[in-house]
$ cat upload-v4.cif   # mmCIF, C-alpha atoms
data_structure
loop_
_atom_site.label_atom_id
_atom_site.label_comp_id
_atom_site.auth_asym_id
_atom_site.auth_seq_id
_atom_site.Cartn_x
_atom_site.Cartn_y
_atom_site.Cartn_z
CA MET A 13 -19.80 20.65 -122.45
CA ASP A 14 -18.20 17.21 -121.97
CA ASN A 15 -17.93 17.47 -118.22
CA PHE A 16 -20.81 19.86 -117.47
CA GLU A 17 -24.50 19.86 -118.17
CA LEU A 18 -27.07 22.65 -118.21
CA ILE A 19 -29.39 23.09 -115.23
CA ASP A 20 -33.14 22.64 -115.56
CA LEU A 21 -35.90 24.65 -113.89
CA LYS A 22 -36.52 22.08 -111.17
CA GLY A 23 -33.06 21.71 -109.77
CA LEU A 24 -29.55 23.02 -109.56
CA TYR A 25 -26.81 20.69 -110.76
CA CYS A 26 -23.16 20.97 -109.88
CA LEU A 27 -21.20 18.61 -112.07
CA ALA A 28 -17.52 17.84 -111.86
CA GLU A 29 -15.63 15.05 -113.59
CA GLY A 30 -17.27 11.79 -112.59
CA ILE A 31 -19.22 13.46 -109.72
CA GLN A 32 -22.73 14.86 -109.81
CA PHE A 33 -24.46 16.74 -106.97
CA ARG A 34 -28.11 17.68 -107.31
CA PHE A 35 -30.03 20.08 -105.04
CA ASP A 36 -33.77 20.18 -105.69
CA LEU A 37 -35.10 23.71 -105.45
CA GLN A 38 -38.64 22.34 -105.35
CA PHE A 39 -37.84 21.30 -101.79
CA PHE A 40 -38.59 24.86 -100.71
CA ALA A 41 -42.01 24.88 -102.39
CA ALA A 42 -45.15 24.48 -100.31
CA GLU A 43 -45.41 20.91 -99.09
CA ASP A 44 -49.14 20.79 -99.61
CA GLU A 45 -49.92 21.86 -103.14
CA GLY A 46 -52.85 24.22 -103.42
CA ARG A 47 -52.64 25.48 -99.82
CA THR A 48 -51.98 29.06 -100.81
CA GLU A 49 -54.54 30.92 -98.70
CA GLU A 50 -53.77 32.37 -95.28
CA PRO A 51 -55.58 30.58 -92.42
CA THR A 52 -58.79 32.18 -91.27
CA GLU A 53 -59.35 33.43 -87.74
CA TYR A 54 -61.77 30.55 -87.16
CA LYS A 55 -59.15 27.95 -88.09
CA ARG A 56 -56.53 29.65 -85.90
CA ARG A 57 -58.96 29.71 -82.97
CA LYS A 58 -59.92 26.07 -83.51
CA ALA A 59 -56.26 25.04 -83.66
CA ARG A 60 -55.59 26.95 -80.43
CA GLU A 61 -58.49 25.22 -78.68
CA GLU A 62 -56.92 21.89 -79.68
CA GLY A 63 -53.61 22.96 -78.11
CA ASN A 64 -51.95 23.55 -81.47
CA ILE A 65 -49.97 26.78 -81.12
CA PRO A 66 -46.42 27.73 -82.20
CA ARG A 67 -43.94 26.98 -79.44
CA SER A 68 -40.17 26.73 -79.23
CA GLN A 69 -38.89 24.28 -76.64
CA GLU A 70 -35.48 25.92 -76.92
CA LEU A 71 -36.89 29.32 -75.95
CA THR A 72 -38.57 27.87 -72.86
CA ALA A 73 -35.47 25.91 -71.89
CA ILE A 74 -33.04 28.82 -72.24
CA ILE A 75 -35.30 31.24 -70.32
CA VAL A 76 -35.67 28.73 -67.47
CA PHE A 77 -31.93 28.02 -67.50
CA LEU A 78 -30.84 31.67 -67.54
CA LEU A 79 -33.23 32.80 -64.81
CA GLY A 80 -32.32 29.76 -62.71
CA PHE A 81 -28.60 30.35 -63.17
CA TRP A 82 -28.86 34.06 -62.35
CA THR A 83 -30.96 33.19 -59.29
CA VAL A 84 -28.25 30.83 -58.07
CA ALA A 85 -25.62 33.51 -58.71
CA LEU A 86 -27.70 36.08 -56.81
CA ILE A 87 -28.52 33.97 -53.75
CA GLY A 88 -25.54 31.62 -53.85
CA GLY A 89 -24.48 32.69 -50.38
CA PHE A 90 -27.90 31.89 -48.95
CA ILE A 91 -27.93 28.44 -50.58
CA TYR A 92 -24.39 27.73 -49.34
CA ASN A 93 -25.25 28.75 -45.77
CA SER A 94 -28.42 26.66 -45.90
CA PHE A 95 -26.52 23.54 -46.91
CA VAL A 96 -23.96 24.23 -44.17
CA ARG A 97 -26.81 24.31 -41.64
CA ILE A 98 -28.23 21.09 -43.06
CA MET A 99 -24.87 19.30 -42.80
CA ARG A 100 -24.28 20.60 -39.28
CA TYR A 101 -27.75 19.46 -38.21
CA TYR A 102 -27.12 16.08 -39.82
CA MET A 103 -23.75 15.67 -38.11
CA GLU A 104 -25.12 16.63 -34.72
CA ASN A 105 -27.99 14.15 -34.85
CA ILE A 106 -26.76 11.21 -36.92
CA LEU A 107 -23.05 10.97 -36.25
CA THR A 108 -23.44 11.72 -32.56
CA LEU A 109 -26.21 9.07 -32.31
CA LYS A 110 -28.61 11.38 -30.52
CA LEU A 111 -31.60 10.06 -32.44
CA SER A 112 -34.16 7.81 -30.77
CA LYS A 113 -37.18 5.94 -32.05
CA ASP A 114 -39.43 8.85 -31.05
CA SER A 115 -37.23 11.55 -32.56
CA ILE A 116 -36.49 9.94 -35.95
CA VAL A 117 -39.69 11.25 -37.61
CA PRO A 118 -39.25 14.87 -36.41
CA PHE A 119 -35.62 14.65 -37.51
CA PHE A 120 -36.49 13.71 -41.07
CA LEU A 121 -39.26 16.33 -41.19
CA ASP A 122 -36.74 18.96 -40.09
CA MET A 123 -34.27 17.77 -42.73
CA LEU A 124 -37.01 17.94 -45.36
CA TRP A 125 -37.96 21.47 -44.31
CA LEU A 126 -34.37 22.70 -44.30
CA SER A 127 -33.69 21.18 -47.72
CA SER A 128 -36.92 22.58 -49.19
CA SER A 129 -36.34 26.06 -47.83
CA SER A 130 -32.81 26.02 -49.27
CA VAL A 131 -33.93 25.33 -52.84
CA LEU A 132 -37.30 27.10 -52.59
CA PRO A 133 -36.09 30.36 -54.22
CA LEU A 134 -34.60 28.34 -57.08
CA MET A 135 -37.86 26.42 -57.51
CA ILE A 136 -39.88 29.65 -57.52
CA ALA A 137 -37.54 31.15 -60.12
CA GLY A 138 -37.94 28.05 -62.29
CA ILE A 139 -41.74 28.12 -62.05
CA ILE A 140 -41.94 31.85 -62.79
CA SER A 141 -39.56 31.57 -65.76
CA ALA A 142 -41.54 28.64 -67.19
CA ILE A 143 -44.80 30.61 -66.87
CA VAL A 144 -43.20 33.69 -68.46
CA ALA A 145 -41.85 31.60 -71.35
CA SER A 146 -45.30 30.07 -71.89
CA PHE A 147 -47.06 33.43 -71.91
CA LEU A 148 -44.51 34.85 -74.35
CA GLN A 149 -45.40 32.03 -76.72
CA GLY A 150 -49.16 32.25 -76.62
CA GLY A 151 -50.13 31.55 -73.03
CA ILE A 152 -50.93 28.40 -71.06
CA ILE A 153 -53.38 26.09 -72.79
CA PHE A 154 -54.91 22.93 -71.34
CA SER A 155 -56.02 20.47 -74.01
CA THR A 156 -56.13 16.67 -74.17
CA LYS A 157 -56.17 16.71 -77.97
CA LYS A 158 -52.37 16.72 -78.24
CA ILE A 159 -51.93 13.65 -76.05
CA SER A 160 -54.73 11.57 -77.57
CA LEU A 161 -53.61 8.59 -79.65
CA ASN A 162 -54.44 8.51 -83.34
CA PHE A 163 -53.04 5.27 -84.75
CA GLY A 164 -54.49 5.96 -88.19
CA LYS A 165 -52.56 9.21 -88.41
CA MET A 166 -49.43 7.59 -86.97
CA PHE A 167 -49.26 4.72 -89.46
CA SER A 168 -50.77 6.36 -92.54
CA ASN A 169 -47.78 8.65 -93.14
CA ILE A 170 -44.87 6.52 -91.96
CA GLY A 171 -42.89 7.00 -95.18
CA PRO A 172 -43.22 10.80 -95.45
CA ASN A 173 -42.68 11.28 -91.71
CA PHE A 174 -39.56 9.11 -91.82
CA MET A 175 -38.19 11.13 -94.73
CA LYS A 176 -38.91 14.39 -92.90
CA MET A 177 -36.64 13.23 -90.08
CA PHE A 178 -33.69 13.45 -92.49
CA TRP A 179 -34.81 15.82 -95.23
CA SER A 180 -37.17 18.70 -94.49
CA ARG A 181 -37.11 22.40 -93.82
CA GLU A 182 -37.12 21.75 -90.08
CA THR A 183 -34.19 19.33 -90.33
CA LEU A 184 -32.06 21.72 -92.38
CA PHE A 185 -32.95 24.65 -90.12
CA ASN A 186 -32.07 22.69 -86.96
CA LEU A 187 -28.80 21.51 -88.49
CA ALA A 188 -27.77 25.04 -89.48
CA LYS A 189 -28.89 26.36 -86.09
CA SER A 190 -26.87 23.72 -84.20
CA ILE A 191 -23.74 24.47 -86.21
CA LEU A 192 -24.12 28.21 -85.61
CA LYS A 193 -24.73 27.66 -81.88
CA VAL A 194 -21.56 25.61 -81.53
CA ILE A 195 -19.58 28.23 -83.43
CA GLY A 196 -21.14 31.01 -81.32
CA VAL A 197 -20.42 29.33 -77.96
CA PHE A 198 -16.82 28.56 -78.94
CA THR A 199 -16.42 32.17 -80.10
CA VAL A 200 -17.68 33.46 -76.75
CA ALA A 201 -15.30 31.11 -74.92
CA PHE A 202 -12.35 32.21 -77.10
CA ILE A 203 -13.04 35.93 -76.58
CA LEU A 204 -13.51 35.48 -72.82
CA ILE A 205 -10.32 33.42 -72.39
CA ASN A 206 -8.39 35.87 -74.53
CA GLU A 207 -9.54 38.80 -72.38
CA ARG A 208 -8.90 37.12 -69.01
CA LEU A 209 -5.91 34.98 -69.88
CA ALA A 210 -3.56 37.10 -67.76
CA GLU A 211 -5.72 36.54 -64.68
CA MET A 212 -6.01 32.82 -65.36
CA ILE A 213 -2.23 32.46 -65.57
CA THR A 214 -1.82 33.85 -62.06
CA ILE A 215 -4.49 31.59 -60.54
CA SER A 216 -1.89 29.14 -59.25
CA ARG A 217 -0.34 31.88 -57.06
CA MET A 218 -3.66 32.97 -55.55
CA ASP A 219 -5.08 31.76 -52.28
CA LEU A 220 -8.02 29.39 -52.36
CA VAL A 221 -10.75 32.02 -51.84
CA ASP A 222 -9.44 34.38 -54.53
CA ALA A 223 -8.91 31.52 -56.99
CA PHE A 224 -12.45 30.26 -56.37
CA SER A 225 -13.87 33.78 -56.84
CA LEU A 226 -12.00 34.18 -60.14
CA ILE A 227 -13.24 30.82 -61.42
CA CYS A 228 -16.82 31.70 -60.43
CA SER A 229 -16.51 35.08 -62.17
CA ILE A 230 -15.27 33.48 -65.39
CA ILE A 231 -17.98 30.82 -65.28
CA PHE A 232 -20.64 33.50 -64.66
CA GLN A 233 -19.47 35.57 -67.62
CA PHE A 234 -19.21 32.57 -69.92
CA VAL A 235 -22.62 31.15 -69.02
CA SER A 236 -24.33 34.56 -69.15
CA PHE A 237 -22.94 35.60 -72.53
CA SER A 238 -23.40 32.12 -73.99
CA GLY A 239 -26.94 32.02 -72.60
CA LEU A 240 -27.81 35.38 -74.13
CA LEU A 241 -26.43 34.20 -77.47
CA LEU A 242 -28.48 31.01 -77.23
CA LEU A 243 -31.50 33.15 -76.30
CA ILE A 244 -31.11 35.01 -79.61
CA PHE A 245 -31.00 31.67 -81.43
CA ALA A 246 -34.07 30.53 -79.47
CA ILE A 247 -35.98 33.66 -80.52
CA GLY A 248 -35.04 32.86 -84.11
CA ASP A 249 -36.25 29.30 -83.57
CA TYR A 250 -39.58 30.61 -82.25
CA ALA A 251 -39.96 32.84 -85.32
CA PHE A 252 -39.28 29.80 -87.51
CA GLN A 253 -41.83 27.73 -85.56
CA ARG A 254 -44.43 30.45 -86.11
CA PHE A 255 -43.65 30.36 -89.83
CA ILE A 256 -44.01 26.56 -89.93
CA TYR A 257 -47.20 26.82 -87.87
CA THR A 258 -48.76 29.32 -90.27
CA GLU A 259 -47.70 27.20 -93.25
CA SER A 260 -49.31 24.13 -91.70
CA LEU A 261 -52.60 25.99 -91.24
CA LYS A 262 -52.74 27.37 -94.78
CA MET A 263 -55.90 26.45 -96.63
CA THR A 264 -57.06 25.77 -100.14
CA LYS A 265 -59.76 27.93 -101.71
CA GLN A 266 -62.17 25.01 -101.41
CA GLU A 267 -61.48 24.69 -97.67
CA ILE A 268 -62.22 28.38 -97.21
CA LYS A 269 -65.53 27.93 -99.05
CA GLU A 270 -66.42 24.91 -96.90
CA GLU A 271 -65.54 26.81 -93.74
CA PHE A 272 -67.68 29.75 -94.85
CA LYS A 273 -70.58 27.37 -95.39
CA GLU A 274 -70.00 25.87 -91.96
CA MET A 275 -69.78 29.28 -90.26
CA GLU A 276 -72.41 31.20 -92.17
CA GLY A 277 -74.54 28.36 -93.42
CA ASN A 278 -75.07 27.16 -96.95
CA PRO A 279 -75.99 30.22 -99.11
CA GLU A 280 -78.62 28.23 -100.97
CA ILE A 281 -80.26 27.09 -97.75
CA LYS A 282 -80.11 30.62 -96.33
CA ALA A 283 -81.72 31.97 -99.49
CA ARG A 284 -84.52 29.42 -99.21
CA ILE A 285 -85.02 30.31 -95.54
CA ARG A 286 -85.23 34.01 -96.41
CA GLU A 287 -87.73 33.21 -99.16
CA MET A 288 -89.87 31.21 -96.74
CA GLU A 289 -89.69 34.05 -94.23
CA ARG A 290 -90.82 36.50 -96.89
CA ARG A 291 -93.73 34.25 -97.81
CA LEU A 292 -94.81 33.86 -94.19
CA LEU A 293 -94.49 37.61 -93.65
CA SER A 294 -96.51 38.32 -96.79
CA ARG A 295 -99.21 35.89 -95.72
CA ARG A 296 -99.36 37.46 -92.26
CA MET A 297 -99.52 40.98 -93.73
CA ILE A 298 -102.32 39.99 -96.10
CA GLN A 299 -104.29 38.70 -93.13
CA GLU A 300 -103.77 41.98 -91.26
CA ILE A 301 -104.64 44.39 -94.09
CA PRO A 302 -108.44 44.04 -93.68
CA LYS A 303 -108.03 45.01 -90.01
CA ALA A 304 -106.04 48.16 -90.83
CA ASP A 305 -107.44 51.68 -90.31
CA VAL A 306 -105.77 53.26 -93.32
CA VAL A 307 -103.34 52.57 -96.17
CA ILE A 308 -100.96 55.41 -96.97
CA THR A 309 -99.60 55.42 -100.52
CA ASN A 310 -96.89 57.07 -102.63
CA PRO A 311 -99.32 56.82 -104.65
CA ILE A 312 -98.14 54.06 -107.03
CA HIS A 313 -94.84 52.63 -105.79
CA ILE A 314 -95.34 52.34 -102.02
CA ALA A 315 -98.18 51.32 -99.73
CA VAL A 316 -98.12 51.21 -95.91
CA ALA A 317 -101.06 49.90 -93.85
CA LEU A 318 -101.55 51.31 -90.32
CA LYS A 319 -103.69 50.14 -87.41
CA TYR A 320 -104.33 51.89 -84.12
CA GLU A 321 -106.19 50.56 -81.08
CA PRO A 322 -106.04 53.18 -78.28
CA SER A 323 -107.12 50.62 -75.68
CA PHE A 324 -103.88 48.59 -75.84
CA MET A 325 -101.54 50.36 -78.31
CA ASN A 326 -99.19 53.17 -77.34
CA ALA A 327 -98.90 54.29 -80.96
CA PRO A 328 -100.13 53.25 -84.40
CA VAL A 329 -98.51 50.08 -85.76
CA VAL A 330 -97.47 49.21 -89.33
CA VAL A 331 -99.28 45.96 -90.13
CA ALA A 332 -98.21 45.73 -93.78
CA LYS A 333 -96.00 47.50 -96.26
CA GLY A 334 -94.75 46.90 -99.78
CA GLU A 335 -93.56 48.42 -103.01
CA GLY A 336 -94.27 47.78 -106.64
CA PRO A 337 -96.61 44.83 -107.30
CA PHE A 338 -97.03 44.08 -103.62
CA ALA A 339 -98.06 47.70 -102.96
CA GLU A 340 -100.76 47.28 -105.61
CA ARG A 341 -101.90 44.08 -103.90
CA ILE A 342 -102.11 45.87 -100.54
CA LYS A 343 -104.30 48.58 -102.07
CA SER A 344 -106.44 45.98 -103.82
CA ILE A 345 -107.11 44.08 -100.59
CA ALA A 346 -107.79 47.40 -98.81
CA ARG A 347 -110.43 48.33 -101.40
CA GLU A 348 -112.08 44.91 -101.09
CA ASN A 349 -112.36 45.36 -97.34
CA ASN A 350 -113.33 49.06 -97.32
CA VAL A 351 -110.08 50.25 -95.79
CA TYR A 352 -109.37 53.91 -96.53
CA ILE A 353 -106.50 54.62 -98.91
CA LEU A 354 -104.91 58.06 -98.62
CA GLU A 355 -102.06 59.54 -100.64
CA ASN A 356 -99.20 61.19 -98.77
CA LYS A 357 -95.90 60.79 -100.58
CA PRO A 358 -93.45 62.05 -97.89
CA LEU A 359 -95.14 60.15 -95.08
CA ALA A 360 -95.40 56.95 -97.11
CA ARG A 361 -91.68 57.08 -97.95
CA GLU A 362 -90.67 57.76 -94.33
CA LEU A 363 -92.87 54.98 -92.94
CA TYR A 364 -91.62 52.49 -95.52
CA LYS A 365 -87.99 53.38 -94.88
CA LYS A 366 -87.99 53.68 -91.06
CA VAL A 367 -90.67 51.33 -89.71
CA GLU A 368 -90.71 47.54 -90.05
CA VAL A 369 -93.90 45.45 -90.04
CA GLY A 370 -95.14 45.02 -86.46
CA GLN A 371 -93.32 48.11 -85.17
CA GLU A 372 -94.88 51.26 -83.77
CA VAL A 373 -94.64 54.57 -85.56
CA PRO A 374 -91.63 56.57 -84.28
CA PRO A 375 -92.28 59.79 -82.32
CA GLU A 376 -91.08 62.07 -85.12
CA LEU A 377 -93.92 60.81 -87.33
CA PHE A 378 -96.66 60.96 -84.66
CA MET A 379 -98.13 64.29 -85.78
CA ALA A 380 -98.30 63.38 -89.46
CA VAL A 381 -99.90 59.98 -88.71
CA ALA A 382 -102.28 61.55 -86.18
CA LYS A 383 -103.58 63.97 -88.84
CA ILE A 384 -104.16 61.05 -91.23
CA LEU A 385 -105.99 59.01 -88.59
CA SER A 386 -108.05 62.05 -87.55
CA LEU A 387 -109.09 62.49 -91.18
CA VAL A 388 -110.00 58.77 -91.40
CA TYR A 389 -112.11 58.98 -88.24
CA GLN A 390 -113.90 62.06 -89.62
CA MET A 391 -114.60 60.20 -92.88
CA ARG A 392 -115.95 57.23 -90.95
CA GLY A 393 -118.15 59.51 -88.86
CA SER A 394 -119.59 61.26 -91.90
CA VAL A 395 -120.30 57.92 -93.57
CA ALA A 396 -122.01 56.61 -90.43
CA ALA A 397 -124.11 59.75 -90.19
#
$ encode --input "upload-v4.cif" --output "C-alpha cells"
Amino acid sequence: MDNFELIDLKGLYCLAEGIQFRFDLQFFAAEDEGRTEEPTEYKRRKAREEGNIPRSQELTAIIVFLLGFWTVALIGGFIYNSFVRIMRYYMENILTLKLSKDSIVPFFLDMLWLSSSSVLPLMIAGIISAIVASFLQGGIIFSTKKISLNFGKMFSNIGPNFMKMFWSRETLFNLAKSILKVIGVFTVAFILINERLAEMITISRMDLVDAFSLICSIIFQFVSFSGLLLLIFAIGDYAFQRFIYTESLKMTKQEIKEEFKEMEGNPEIKARIREMERRLLSRRMIQEIPKADVVITNPIHIAVALKYEPSFMNAPVVVAKGEGPFAERIKSIARENNVYILENKPLARELYKKVEVGQEVPPELFMAVAKILSLVYQMRGSVAA
C-alpha cells in the first residue's frame, strides 16, 4: 500500500510511483442536478418553435457531399463537354477579337448562361440533398430566436462554457469520433490500395486515357466507401445530438408543476371558479323553480324541476336539479310556490343522470314526461274547477 491508494466512490484513481492520474466518474452525471424528469410535449413543442431541435452538421455535410460527388460522377461527361463549349466560345470571341462595344453585353450574358447551365445539375443536387438532410433531422424551421443576441446569457456563463470547450461529454465524444474517423478512412485507403495495387503498378505503361480512367475509378471507390463510412459516423453523431438535446430539455419536478399550472391553470383558482359557477347556477335554478310546472322526485335523494311552454319550447326543459340537501331545498321552494311535486323514481334518476340544467328532455323520455305533465294539467284543471 506504499505506492497505491484505494479508490473512493467519486473517482477512479490510477497510481504509479510518483504519478497520479484521476478520472472523475461524476463527470458522466447529469449536469443539472435535479433535472431527472423527461421533457413534456409542451416543452418540446416550445423548443421547436424557437428553432431548438437536434441537428448534426456532420450528417448534413456528408449527405450534401456524397450526393454532389455522385452527381458529378454520373454527369461528368456532360459537365466536361459544357466546359469545352464554354472555352471554345471564349476563344472564338475573345482571342479572335470579334467582340465590339455592342456585342460585349450579349457575350457576357451567353457566358453566364453557359456556365450556369453547366453547373445547374450540381446545384440542384446540392439543394435537394440539403433539403433531404434537413427533413431527416426534423424538417425546415424558420425562427429568429437562434440568431437573437443575448449578452446576459453570453457573459453569465463564461467560465462553465470555457471549461466545456475542453472538458465535456461533447468534447470527449467529438475527440473519440475524430480519432475513429481518421482510423476508418486510413483503413479504407489501405484496403483499397492493397486490392488494386497490381493495377496501380502498371499505370506507367498505360496510355493517357486508360491511366486517367483508372485514377478516376480508384478515386470514386475511395471517396464513396469513405463517404459511406463517414455517413455512419454522422448518423451516430445525430443520435448523440438527440441524446444531448433530450438531456438539455429535462425538467425538475417543480418545473413540471409550474408548467401544469401554466397549461391547465392554477388548481386553486380553477376550484374557486368552479365554486363560483356552482353558486351562480344554484342561484339561477332557485329563481327558476317557482316558474316550473312540476318537480319529479326520487323521492328523497333526487329532485328535478321541469317547465314546458308549448308556444316556444320544442320539449320540456330541466330548469333545476339536485340531490341530497339541495334536492330538499328544491322541494321546499316548490311547496312555497305551489309547484306540484310528484314521485317517480326511475324517471327522476334518468333525468338527473342524462339531462343538464337548461337542456330539453331527450326523445326517449318524452312519453314518461308527457304522462307526468298530463297528470299535472289534470290536477290543475280539477283545482280550477
$ resolve_selection --input "upload-v4.cif" --expression "the PyMOL selection byres ((chain A and resi 332-344) around 7)" --output "PDB file with C-alpha atoms, keeping the file's coordinate frame"
ATOM      1  CA  MET A 297     -99.520  40.980 -93.730  1.00  0.00           C
ATOM      2  CA  ILE A 301    -104.640  44.390 -94.090  1.00  0.00           C
ATOM      3  CA  HIS A 313     -94.840  52.630-105.790  1.00  0.00           C
ATOM      4  CA  ILE A 314     -95.340  52.340-102.020  1.00  0.00           C
ATOM      5  CA  ALA A 315     -98.180  51.320 -99.730  1.00  0.00           C
ATOM      6  CA  VAL A 316     -98.120  51.210 -95.910  1.00  0.00           C
ATOM      7  CA  ALA A 317    -101.060  49.900 -93.850  1.00  0.00           C
ATOM      8  CA  VAL A 330     -97.470  49.210 -89.330  1.00  0.00           C
ATOM      9  CA  VAL A 331     -99.280  45.960 -90.130  1.00  0.00           C
ATOM     10  CA  ILE A 345    -107.110  44.080-100.590  1.00  0.00           C
ATOM     11  CA  ALA A 346    -107.790  47.400 -98.810  1.00  0.00           C
ATOM     12  CA  ARG A 347    -110.430  48.330-101.400  1.00  0.00           C
ATOM     13  CA  GLU A 348    -112.080  44.910-101.090  1.00  0.00           C
ATOM     14  CA  TYR A 364     -91.620  52.490 -95.520  1.00  0.00           C
ATOM     15  CA  VAL A 369     -93.900  45.450 -90.040  1.00  0.00           C
TER      16      VAL A 369
END
$ closest_residue --input "upload-v4.cif" --among "A:Leu204, A:Leu126, A:Val117, A:Ala142" --to "Ile75 of chain A" --atoms "all atoms listed in the file"
A:Ala142
$ resolve_selection --input "upload-v4.cif" --expression "the PyMOL selection byres ((chain A and resi 188-194) around 12)" --output "tab-separated table (two decimals) with C-alpha atoms, keeping the file's coordinate frame"
chain	number	residue	atom	x	y	z
A	70	GLU	CA	-35.48	25.92	-76.92
A	181	ARG	CA	-37.11	22.40	-93.82
A	182	GLU	CA	-37.12	21.75	-90.08
A	183	THR	CA	-34.19	19.33	-90.33
A	184	LEU	CA	-32.06	21.72	-92.38
A	185	PHE	CA	-32.95	24.65	-90.12
A	186	ASN	CA	-32.07	22.69	-86.96
A	187	LEU	CA	-28.80	21.51	-88.49
A	195	ILE	CA	-19.58	28.23	-83.43
A	196	GLY	CA	-21.14	31.01	-81.32
A	197	VAL	CA	-20.42	29.33	-77.96
A	198	PHE	CA	-16.82	28.56	-78.94
A	199	THR	CA	-16.42	32.17	-80.10
A	200	VAL	CA	-17.68	33.46	-76.75
A	201	ALA	CA	-15.30	31.11	-74.92
A	238	SER	CA	-23.40	32.12	-73.99
A	239	GLY	CA	-26.94	32.02	-72.60
A	240	LEU	CA	-27.81	35.38	-74.13
A	241	LEU	CA	-26.43	34.20	-77.47
A	242	LEU	CA	-28.48	31.01	-77.23
A	243	LEU	CA	-31.50	33.15	-76.30
A	244	ILE	CA	-31.11	35.01	-79.61
A	245	PHE	CA	-31.00	31.67	-81.43
A	246	ALA	CA	-34.07	30.53	-79.47
A	247	ILE	CA	-35.98	33.66	-80.52
A	248	GLY	CA	-35.04	32.86	-84.11
A	249	ASP	CA	-36.25	29.30	-83.57
A	252	PHE	CA	-39.28	29.80	-87.51
$ atom_distance --input "upload-v4.cif" --atom1 "atom CA of Gln390 of chain A" --atom2 "atom CA of Pro328 of chain A"
17.2 Å
$ atom_distance --input "upload-v4.cif" --atom1 "atom CA of Val96 of chain A" --atom2 "atom CA of Ile136 of chain A"
21.5 Å
$ closest_residue --input "upload-v4.cif" --among "A:Phe272, A:Glu355, A:Gln69, A:Ser294" --to "Ile312 of chain A" --atoms "only C-alpha atoms"
A:Glu355
$ residues_near_point --input "upload-v4.cif" --point "(-39.4, 29.8, -62.9)" --cutoff "10 Å" --atoms "only C-alpha atoms" --output "MDAnalysis selection string"
chainID A and resid 75:80 83 133:145
$ atom_distance --input "upload-v4.cif" --atom1 "atom CA of Ser236 of chain A" --atom2 "atom CA of Glu211 of chain A"
19.2 Å
$ resolve_selection --input "upload-v4.cif" --expression "the PyMOL selection byres ((chain A and resi 130) around 9)" --output "ChimeraX atom specification"
/A:90-95,125-129,131-134
$ closest_residue --input "upload-v4.cif" --among "A:Leu71, A:Ile87, A:Ile205, A:Ile215" --to "Phe234 of chain A" --atoms "only C-alpha atoms"
A:Ile205
$ closest_residue --input "upload-v4.cif" --among "A:Glu259, A:Asp305, A:Glu267, A:Asp222" --to "Asn349 of chain A" --atoms "all atoms listed in the file"
A:Asp305
$ closest_residue --input "upload-v4.cif" --among "A:Thr264, A:Gln371, A:Asn350, A:Ser146" --to "Ala73 of chain A" --atoms "all atoms listed in the file"
A:Ser146
$ residues_around --input "upload-v4.cif" --residues "Pro311 of chain A" --least-positions-apart "5" --cutoff "9 Å" --atoms "only C-alpha atoms" --output "NGL selection string"
:A and (354-357 or 360)
$ closest_residue --input "upload-v4.cif" --among "A:Phe232, A:Gln266, A:Val307, A:Glu372" --to "Val84 of chain A" --atoms "all atoms listed in the file"
A:Phe232
